[in-house]
>>> print(open('target_33.txt').read())   # compact mmCIF, C-alpha atoms
# COMPACT_ATOMS: atom_id res chain seq x y z
CA MET A 1 81.81 64.73 176.95
CA LEU A 2 85.38 65.57 175.96
CA GLU A 3 88.01 64.26 178.39
CA VAL A 4 90.88 66.65 179.12
CA ASP A 5 94.02 65.53 180.95
CA GLY A 6 94.82 68.32 183.40
CA ALA A 7 98.40 67.11 183.73
CA VAL A 8 99.11 67.36 179.99
CA GLY A 9 102.15 69.35 178.90
CA GLU A 10 102.81 72.30 181.20
CA GLY A 11 100.09 70.89 183.44
CA GLY A 12 99.19 74.04 185.35
CA GLY A 13 96.18 76.29 185.72
CA GLN A 14 96.56 77.32 182.09
CA VAL A 15 95.06 73.96 181.06
CA VAL A 16 91.91 74.70 183.06
CA ARG A 17 91.57 78.31 181.87
CA THR A 18 92.07 77.45 178.22
CA ALA A 19 89.91 74.33 178.29
CA VAL A 20 86.84 76.05 179.77
CA ALA A 21 87.19 78.97 177.34
CA LEU A 22 87.35 76.58 174.39
CA ALA A 23 84.43 74.58 175.78
CA ALA A 24 82.33 77.75 175.89
CA LEU A 25 83.39 78.89 172.42
CA THR A 26 82.67 75.52 170.80
CA GLY A 27 79.69 74.40 172.91
CA THR A 28 81.60 71.30 173.99
CA PRO A 29 80.97 69.73 177.44
CA ILE A 30 84.26 68.70 179.06
CA ARG A 31 85.66 66.81 182.02
CA ILE A 32 89.11 67.85 183.25
CA THR A 33 90.91 65.32 185.44
CA LYS A 34 94.27 65.33 187.26
CA ILE A 35 94.12 69.11 187.62
CA ARG A 36 97.55 70.53 188.47
CA ALA A 37 98.55 67.01 189.54
CA ASN A 38 102.28 67.73 189.53
CA ARG A 39 102.11 71.01 191.43
CA PRO A 40 103.17 71.30 195.11
CA LYS A 41 99.51 72.06 195.93
CA PRO A 42 97.48 70.03 193.39
CA GLY A 43 93.93 70.83 192.36
CA LEU A 44 92.14 74.10 191.79
CA ALA A 45 93.21 77.24 193.62
CA ALA A 46 91.00 80.29 194.19
CA GLN A 47 92.17 82.02 191.00
CA HIS A 48 91.32 78.97 188.86
CA CYS A 49 87.87 78.65 190.43
CA THR A 50 87.19 82.32 189.69
CA ALA A 51 88.26 81.90 186.05
CA VAL A 52 85.91 78.92 185.67
CA GLN A 53 83.07 80.86 187.31
CA ALA A 54 83.65 83.86 185.02
CA VAL A 55 83.43 81.72 181.89
CA ALA A 56 80.47 79.78 183.28
CA LEU A 57 78.52 82.99 183.88
CA ALA A 58 79.34 84.18 180.35
CA CYS A 59 77.83 81.06 178.79
CA GLY A 60 75.30 79.75 181.34
CA ALA A 61 77.35 76.63 182.00
CA GLU A 62 76.51 73.85 184.42
CA MET A 63 79.54 72.63 186.35
CA ARG A 64 80.66 70.33 189.10
CA GLY A 65 83.91 70.27 191.03
CA CYS A 66 84.58 74.03 190.90
CA ARG A 67 86.01 74.32 194.40
CA ARG A 68 89.45 74.72 195.91
CA GLU A 69 91.67 71.60 195.83
CA SER A 70 89.32 69.78 193.48
CA ASP A 71 91.24 67.62 190.99
CA THR A 72 88.28 67.03 188.64
CA LEU A 73 85.97 69.52 186.95
CA THR A 74 82.98 68.98 184.66
CA PHE A 75 81.85 71.94 182.60
CA ALA A 76 78.79 71.85 180.31
CA PRO A 77 78.44 75.20 178.48
CA GLY A 78 75.23 76.82 177.35
CA GLU A 79 74.91 79.67 174.88
CA VAL A 80 77.42 82.52 175.11
CA ARG A 81 75.53 85.64 176.17
CA LYS A 82 76.13 89.24 177.20
CA THR A 83 76.58 89.39 180.96
CA LYS A 84 77.61 91.71 183.76
CA ILE A 85 79.83 89.86 186.21
CA ASP A 86 81.33 90.86 189.58
CA LEU A 87 83.66 88.32 191.22
CA ALA A 88 86.19 88.38 194.04
CA ILE A 89 89.05 85.89 193.86
CA GLY A 90 89.27 86.02 197.65
CA THR A 91 93.08 86.02 197.60
CA ALA A 92 95.83 87.87 195.76
CA GLY A 93 95.27 85.51 192.84
CA SER A 94 95.97 87.00 189.43
CA ILE A 95 93.22 89.11 187.84
CA PRO A 96 94.98 89.08 184.43
CA LEU A 97 94.95 85.27 184.39
CA VAL A 98 91.21 85.20 185.11
CA LEU A 99 90.76 87.67 182.26
CA GLN A 100 92.68 85.34 179.93
CA ALA A 101 89.90 82.77 180.30
CA TRP A 102 86.96 85.20 180.15
CA LEU A 103 88.00 87.63 177.39
CA PRO A 104 87.87 85.40 174.26
CA VAL A 105 84.42 84.22 175.32
CA ALA A 106 83.14 87.70 176.14
CA LEU A 107 84.22 89.02 172.74
CA GLU A 108 81.58 86.78 171.15
CA ALA A 109 78.58 88.51 172.79
CA GLY A 110 79.99 91.40 174.80
CA GLY A 111 79.81 92.00 178.53
CA THR A 112 81.42 93.53 181.58
CA ILE A 113 83.47 91.90 184.33
CA THR A 114 84.69 93.45 187.58
CA LEU A 115 87.31 91.42 189.42
CA THR A 116 88.86 91.83 192.86
CA GLY A 117 92.23 90.20 193.59
CA GLY A 118 95.84 90.68 192.55
CA THR A 119 96.77 93.04 189.72
CA GLU A 120 100.53 92.41 189.94
CA VAL A 121 101.41 88.86 190.92
CA SER A 122 104.57 86.80 190.52
CA LYS A 123 104.57 84.37 187.54
CA SER A 124 101.70 86.24 185.90
CA PRO A 125 101.34 89.16 183.50
CA THR A 126 100.66 92.43 185.28
CA ILE A 127 97.43 94.28 184.63
CA ASP A 128 99.55 96.87 182.77
CA TYR A 129 100.89 94.15 180.45
CA PHE A 130 97.30 93.11 179.79
CA SER A 131 96.18 96.67 179.02
CA GLU A 132 99.29 97.88 177.14
CA VAL A 133 100.43 94.78 175.21
CA LEU A 134 97.58 92.29 174.72
CA VAL A 135 94.61 94.67 174.50
CA PRO A 136 96.10 97.13 171.94
CA LEU A 137 96.99 94.20 169.69
CA LEU A 138 93.44 92.83 169.87
CA ARG A 139 92.00 96.30 169.28
CA ALA A 140 94.15 96.62 166.16
CA HIS A 141 92.39 93.50 164.87
CA GLY A 142 88.86 94.67 165.60
CA ALA A 143 88.27 93.99 169.30
CA LYS A 144 86.32 96.57 171.29
CA ILE A 145 87.77 96.46 174.81
CA GLU A 146 87.95 99.02 177.64
CA VAL A 147 90.05 98.45 180.77
CA GLU A 148 89.69 100.35 184.06
CA VAL A 149 92.19 99.75 186.87
CA LEU A 150 90.17 100.80 189.92
CA GLY A 151 92.78 99.72 192.46
CA ARG A 152 96.00 97.74 192.60
CA GLY A 153 96.47 94.58 194.63
CA TYR A 154 99.67 92.82 195.66
CA PHE A 155 100.54 89.52 197.34
CA PRO A 156 99.51 88.43 199.93
CA VAL A 157 96.63 90.85 200.60
CA GLY A 158 95.22 91.37 197.10
CA GLY A 159 92.32 93.82 197.08
CA GLY A 160 93.02 95.19 193.60
CA ARG A 161 90.01 95.90 191.43
CA VAL A 162 89.71 95.90 187.64
CA ARG A 163 86.74 96.39 185.32
CA VAL A 164 86.82 95.27 181.68
CA THR A 165 84.04 96.03 179.22
CA VAL A 166 83.82 94.50 175.75
CA GLU A 167 81.46 94.76 172.81
CA PRO A 168 80.76 91.88 170.41
CA SER A 169 83.79 91.77 168.13
CA LYS A 170 84.84 89.74 165.12
CA LEU A 171 88.62 89.70 164.90
CA ALA A 172 90.46 90.05 161.62
CA PRO A 173 93.21 87.47 160.93
CA LEU A 174 96.19 88.24 163.12
CA ALA A 175 98.93 90.18 161.32
CA ILE A 176 101.19 91.74 163.90
CA GLY A 177 102.89 94.17 161.52
CA GLY A 178 99.84 96.43 161.78
CA VAL A 179 100.04 96.88 165.56
CA PRO A 180 100.74 100.47 166.71
CA ALA A 181 104.35 100.77 167.87
CA HIS A 182 103.59 102.45 171.18
CA ALA A 183 106.15 102.13 173.97
CA GLY A 184 106.45 102.97 177.65
CA ILE A 185 107.57 102.24 181.19
CA ILE A 186 105.03 102.01 184.03
CA SER A 187 106.51 101.93 187.54
CA CYS A 188 104.05 101.36 190.40
CA SER A 189 104.29 101.28 194.17
CA GLN A 190 101.72 101.03 196.93
CA ASN A 191 102.17 102.12 200.54
CA LEU A 192 105.91 102.66 200.07
CA PRO A 193 108.11 105.78 200.01
CA ASP A 194 107.94 107.82 196.80
CA HIS A 195 111.55 107.10 195.88
CA VAL A 196 110.87 103.37 195.37
CA ALA A 197 108.81 103.80 192.20
CA GLU A 198 111.20 106.53 191.02
CA ARG A 199 114.27 104.28 191.40
CA GLN A 200 112.50 101.46 189.57
CA ALA A 201 111.65 103.80 186.71
CA GLN A 202 115.17 105.21 186.52
CA ALA A 203 116.69 101.73 186.23
CA ALA A 204 114.26 100.67 183.51
CA SER A 205 114.76 103.97 181.69
CA ALA A 206 118.54 103.58 181.71
CA ALA A 207 118.12 100.26 179.88
CA LEU A 208 115.41 101.61 177.56
CA PRO A 209 116.37 105.23 176.84
CA GLY A 210 113.71 107.38 175.26
CA PHE A 211 110.76 105.34 176.52
CA PRO A 212 107.99 107.50 178.06
CA VAL A 213 107.75 106.93 181.82
CA ARG A 214 104.62 106.80 183.96
CA ILE A 215 104.90 106.54 187.74
CA GLU A 216 101.93 105.48 189.86
CA ARG A 217 101.89 105.62 193.65
CA THR A 218 98.62 104.30 194.98
CA PRO A 219 96.91 103.70 198.32
CA GLY A 220 95.40 100.30 198.94
CA PRO A 221 95.06 97.38 201.32
CA GLY A 222 98.48 95.88 200.56
CA THR A 223 102.09 96.80 199.93
CA GLY A 224 104.05 96.12 196.77
CA THR A 225 105.70 97.34 193.59
CA SER A 226 105.85 96.46 189.92
CA VAL A 227 107.38 97.58 186.65
CA THR A 228 105.90 96.94 183.21
CA VAL A 229 107.70 97.92 180.01
CA PHE A 230 106.30 97.58 176.52
CA GLU A 231 107.00 98.28 172.88
CA GLY A 232 104.38 97.29 170.34
CA ALA A 233 103.53 93.61 170.79
CA LYS A 234 106.41 92.91 173.16
CA GLY A 235 106.73 93.58 176.88
CA GLY A 236 108.47 92.75 180.12
CA VAL A 237 107.32 92.70 183.74
CA ALA A 238 108.79 92.42 187.21
CA VAL A 239 107.16 92.40 190.63
CA GLY A 240 108.97 93.68 193.71
CA ARG A 241 109.44 91.76 196.93
CA ARG A 242 111.01 92.38 200.30
CA GLY A 243 114.79 92.44 200.00
CA LEU A 244 114.84 93.03 196.23
CA PRO A 245 116.30 96.47 195.43
CA ALA A 246 114.05 98.80 193.46
CA GLU A 247 116.73 99.15 190.79
CA LYS A 248 116.74 95.39 190.29
CA VAL A 249 112.97 95.37 189.71
CA GLY A 250 113.29 97.98 186.98
CA TRP A 251 116.22 96.20 185.36
CA MET A 252 114.46 92.80 185.40
CA ALA A 253 111.45 94.17 183.52
CA ALA A 254 113.64 95.93 180.97
CA ASP A 255 115.76 92.81 180.50
CA GLU A 256 112.67 90.77 179.54
CA LEU A 257 111.83 93.24 176.79
CA LEU A 258 115.44 93.47 175.63
CA ALA A 259 115.54 89.69 175.30
CA ALA A 260 112.39 89.76 173.14
CA ARG A 261 113.85 92.58 171.03
CA SER A 262 117.03 90.61 170.41
CA VAL A 263 115.14 88.13 168.20
CA ALA A 264 113.64 89.23 164.87
CA CYS A 265 110.03 88.26 165.66
CA ASP A 266 106.56 89.75 166.08
CA VAL A 267 105.67 89.10 169.73
CA ASP A 268 107.37 88.14 172.98
CA VAL A 269 107.33 84.57 174.25
CA HIS A 270 104.54 85.23 176.78
CA LEU A 271 102.20 86.96 174.36
CA ALA A 272 102.71 84.11 171.88
CA ASP A 273 100.80 81.64 174.06
CA GLN A 274 98.16 84.19 175.12
CA LEU A 275 97.26 84.80 171.46
CA LEU A 276 96.79 81.17 170.43
CA VAL A 277 93.05 80.97 171.15
CA TYR A 278 92.50 84.16 169.13
CA LEU A 279 94.73 82.81 166.34
CA ALA A 280 92.71 79.59 166.23
CA ARG A 281 89.44 81.51 165.98
CA ALA A 282 90.48 84.33 163.61
CA GLY A 283 93.36 82.84 161.62
CA GLY A 284 96.55 84.63 160.65
CA SER A 285 100.13 84.17 161.78
CA TYR A 286 102.86 85.60 164.00
CA SER A 287 106.39 84.77 165.10
CA ALA A 288 107.85 84.49 168.61
CA PRO A 289 111.34 83.91 170.04
CA GLU A 290 110.61 80.25 170.75
CA ILE A 291 107.91 77.66 171.44
CA SER A 292 107.36 77.86 175.19
CA SER A 293 105.95 74.98 177.24
CA HIS A 294 102.78 77.03 177.68
CA ALA A 295 102.43 77.51 173.92
CA ALA A 296 103.04 73.82 173.22
CA THR A 297 100.41 72.87 175.82
CA THR A 298 97.85 75.28 174.37
CA CYS A 299 98.43 73.94 170.85
CA ARG A 300 97.73 70.42 172.14
CA LEU A 301 94.54 71.59 173.83
CA LEU A 302 93.37 73.41 170.71
CA SER A 303 93.74 70.22 168.69
CA LEU A 304 91.35 68.45 171.08
CA PHE A 305 88.70 71.01 170.12
CA GLY A 306 89.34 70.71 166.38
CA TYR A 307 91.70 73.64 165.90
CA GLU A 308 95.07 72.97 164.28
CA ILE A 309 97.92 75.43 164.78
CA ALA A 310 100.91 75.02 162.46
CA VAL A 311 104.24 75.74 164.13
CA SER A 312 107.42 76.03 162.12
CA GLY A 313 110.97 76.94 163.01
CA ALA A 314 112.65 77.18 166.39
CA THR A 315 114.22 80.66 166.76
CA PRO A 316 112.00 82.35 165.82
CA ALA A 317 108.98 80.08 165.85
CA VAL A 318 106.09 80.90 163.51
CA PHE A 319 102.51 80.12 164.58
CA SER A 320 99.80 80.10 161.91
CA ALA A 321 96.20 79.01 161.42
>>> encode(input="target_33.txt", output="structure tokens")
Amino acid sequence: MLEVDGAVGEGGGQVVRTAVALAALTGTPIRITKIRANRPKPGLAAQHCTAVQAVALACGAEMRGCRRESDTLTFAPGEVRKTKIDLAIGTAGSIPLVLQAWLPVALEAGGTITLTGGTEVSKSPTIDYFSEVLVPLLRAHGAKIEVEVLGRGYFPVGGGRVRVTVEPSKLAPLAIGGVPAHAGIISCSQNLPDHVAERQAQAASAALPGFPVRIERTPGPGTGTSVTVFEGAKGGVAVGRRGLPAEKVGWMAADELLAARSVACDVDVHLADQLLVYLARAGGSYSAPEISSHAATTCRLLSLFGYEIAVSGATPAVFSA
């Protein structure tokens, strides 16, 4: 059984999500200890438990310690298989982060997952970033993925619902130059006056002139806003909160993308770490503005499972396998 230090590197939930995905993909039983040891609330949270459960169902894994506040998890994978999964995080925990763990495993055999929780959550990619930045890139390399946003969910209520369906897919080596250069601004609000989403969109559009704009105003159990901007394999996100002007939300999302555009590289800093598992499995290379702590942590985890990622340069950084 492979021992994984849950406090290694960035030391957050990413270690758990990546480790169980790699365990499933390689058939390696693992024990993760010191989970999120340096966080204000150590141990597994609801979102992490759901990610582990999703991967476990996709590969028939046996596990112990998959409960909230647990600091140790054992995960013994079986064979990856096509499954239909329906899970509720139970909080406004991030659906896109659960999908990060499940998707590389599901691409091996296919399957469908329906998740209930948060679609736009602070310190997480939005569901629109997932569907407009990550998914198109994977499709361009051979992945067969369909995403349905059935409802949006915001902190603290959650209640968003997303369904993702994949077919067995063998990815071609990553070469970002072939990714379609689509671009856009998506401004969302739920249970707020119409002008909120419009003001967000106007602010983002002023910073990114010429980008197509989509405004979504949805009903749902909670209240919140978000803006996602994207151009090819780069994006930016911002989530609204009480007291934060709508214009600021739009500008924050646009500023993230502008920062990524200011460096001559293939992907933004967030996508760089999300792609590492796919890079390890399919090969290829791409460049990013820098080596983030998340990317460095994932590279260390990949080496435990026998995958070596070469990283060269600083600004930009080039990842290759």
>>> closest_residue(input="target_33.txt", among="A:Ala272, A:Ala310, A:Val105, A:Ala7", to="Gly27 in chain A", atoms="all atoms listed in the file")
A:Val105
>>> closest_residue(input="target_33.txt", among="A:Arg242, A:His182, A:His195, A:Lys170", to="Leu138 in chain A", atoms="all atoms listed in the file")
A:Lys170
>>> closest_residue(input="target_33.txt", among="A:Leu276, A:Ala24, A:Pro42, A:Glu290", to="Ile309 in chain A", atoms="all atoms listed in the file")
A:Leu276
>>> closest_residue(input="target_33.txt", among="A:Val133, A:Val166, A:Val196, A:Ala260", to="Val147 in chain A", atoms="all atoms listed in the file")
A:Val166
>>> closest_residue(input="target_33.txt", among="A:Ala21, A:Ala296, A:Thr28, A:Asp71", to="Asp5 in chain A", atoms="all atoms listed in the file")
A:Asp71
>>> closest_residue(input="target_33.txt", among="A:Ile85, A:Val318, A:Glu79, A:Arg31", to="Cys66 in chain A", atoms="only C-alpha atoms")
A:Arg31
>>> atom_distance(input="target_33.txt", atom1="CA of Gly160 in chain A", atom2="CA of Thr119 in chain A")
5.8 Å
>>> atom_distance(input="target_33.txt", atom1="CA of Thr298 in chain A", atom2="CA of Gly90 in chain A")
27.0 Å
>>> atom_distance(input="target_33.txt", atom1="CA of Leu304 in chain A", atom2="CA of Pro125 in chain A")
26.1 Å
>>> residues_around(input="target_33.txt", residues="range 152-154 of chain A", least_positions_apart="3", cutoff="10 Å", atoms="only C-alpha atoms", output="short mmCIF file (atom, residue, chain, number, x, y, z; two decimals) with C-alpha atoms, keeping the file's coordinate frame")
data_model
loop_
_atom_site.label_atom_id
_atom_site.label_comp_id
_atom_site.auth_asym_id
_atom_site.auth_seq_id
_atom_site.Cartn_x
_atom_site.Cartn_y
_atom_site.Cartn_z
CA THR A 91 93.08 86.02 197.60
CA ALA A 92 95.83 87.87 195.76
CA GLY A 93 95.27 85.51 192.84
CA SER A 94 95.97 87.00 189.43
CA ILE A 95 93.22 89.11 187.84
CA THR A 116 88.86 91.83 192.86
CA GLY A 117 92.23 90.20 193.59
CA GLY A 118 95.84 90.68 192.55
CA THR A 119 96.77 93.04 189.72
CA GLU A 120 100.53 92.41 189.94
CA VAL A 121 101.41 88.86 190.92
CA SER A 122 104.57 86.80 190.52
CA ILE A 127 97.43 94.28 184.63
CA VAL A 149 92.19 99.75 186.87
CA VAL A 157 96.63 90.85 200.60
CA GLY A 158 95.22 91.37 197.10
CA GLY A 159 92.32 93.82 197.08
CA GLY A 160 93.02 95.19 193.60
CA ARG A 161 90.01 95.90 191.43
CA VAL A 162 89.71 95.90 187.64
CA CYS A 188 104.05 101.36 190.40
CA SER A 189 104.29 101.28 194.17
CA GLN A 190 101.72 101.03 196.93
CA ARG A 217 101.89 105.62 193.65
CA THR A 218 98.62 104.30 194.98
CA PRO A 219 96.91 103.70 198.32
CA GLY A 220 95.40 100.30 198.94
CA PRO A 221 95.06 97.38 201.32
CA GLY A 222 98.48 95.88 200.56
CA THR A 223 102.09 96.80 199.93
CA GLY A 224 104.05 96.12 196.77
CA THR A 225 105.70 97.34 193.59
CA SER A 226 105.85 96.46 189.92
CA VAL A 239 107.16 92.40 190.63
CA GLY A 240 108.97 93.68 193.71
CA ARG A 241 109.44 91.76 196.93
#
>>> residues_around(input="target_33.txt", residues="Ala140 in chain A", least_positions_apart="6", cutoff="12 Å", atoms="all atoms listed in the file", output="list in words")
Val133, Leu134, Ser169, Lys170, Leu171, Ala172, Pro173, Leu174, Ala175, Ile176, Gly177, Gly178, Val179, Pro180, Ala181, Gly232 and Ala233 of chain A
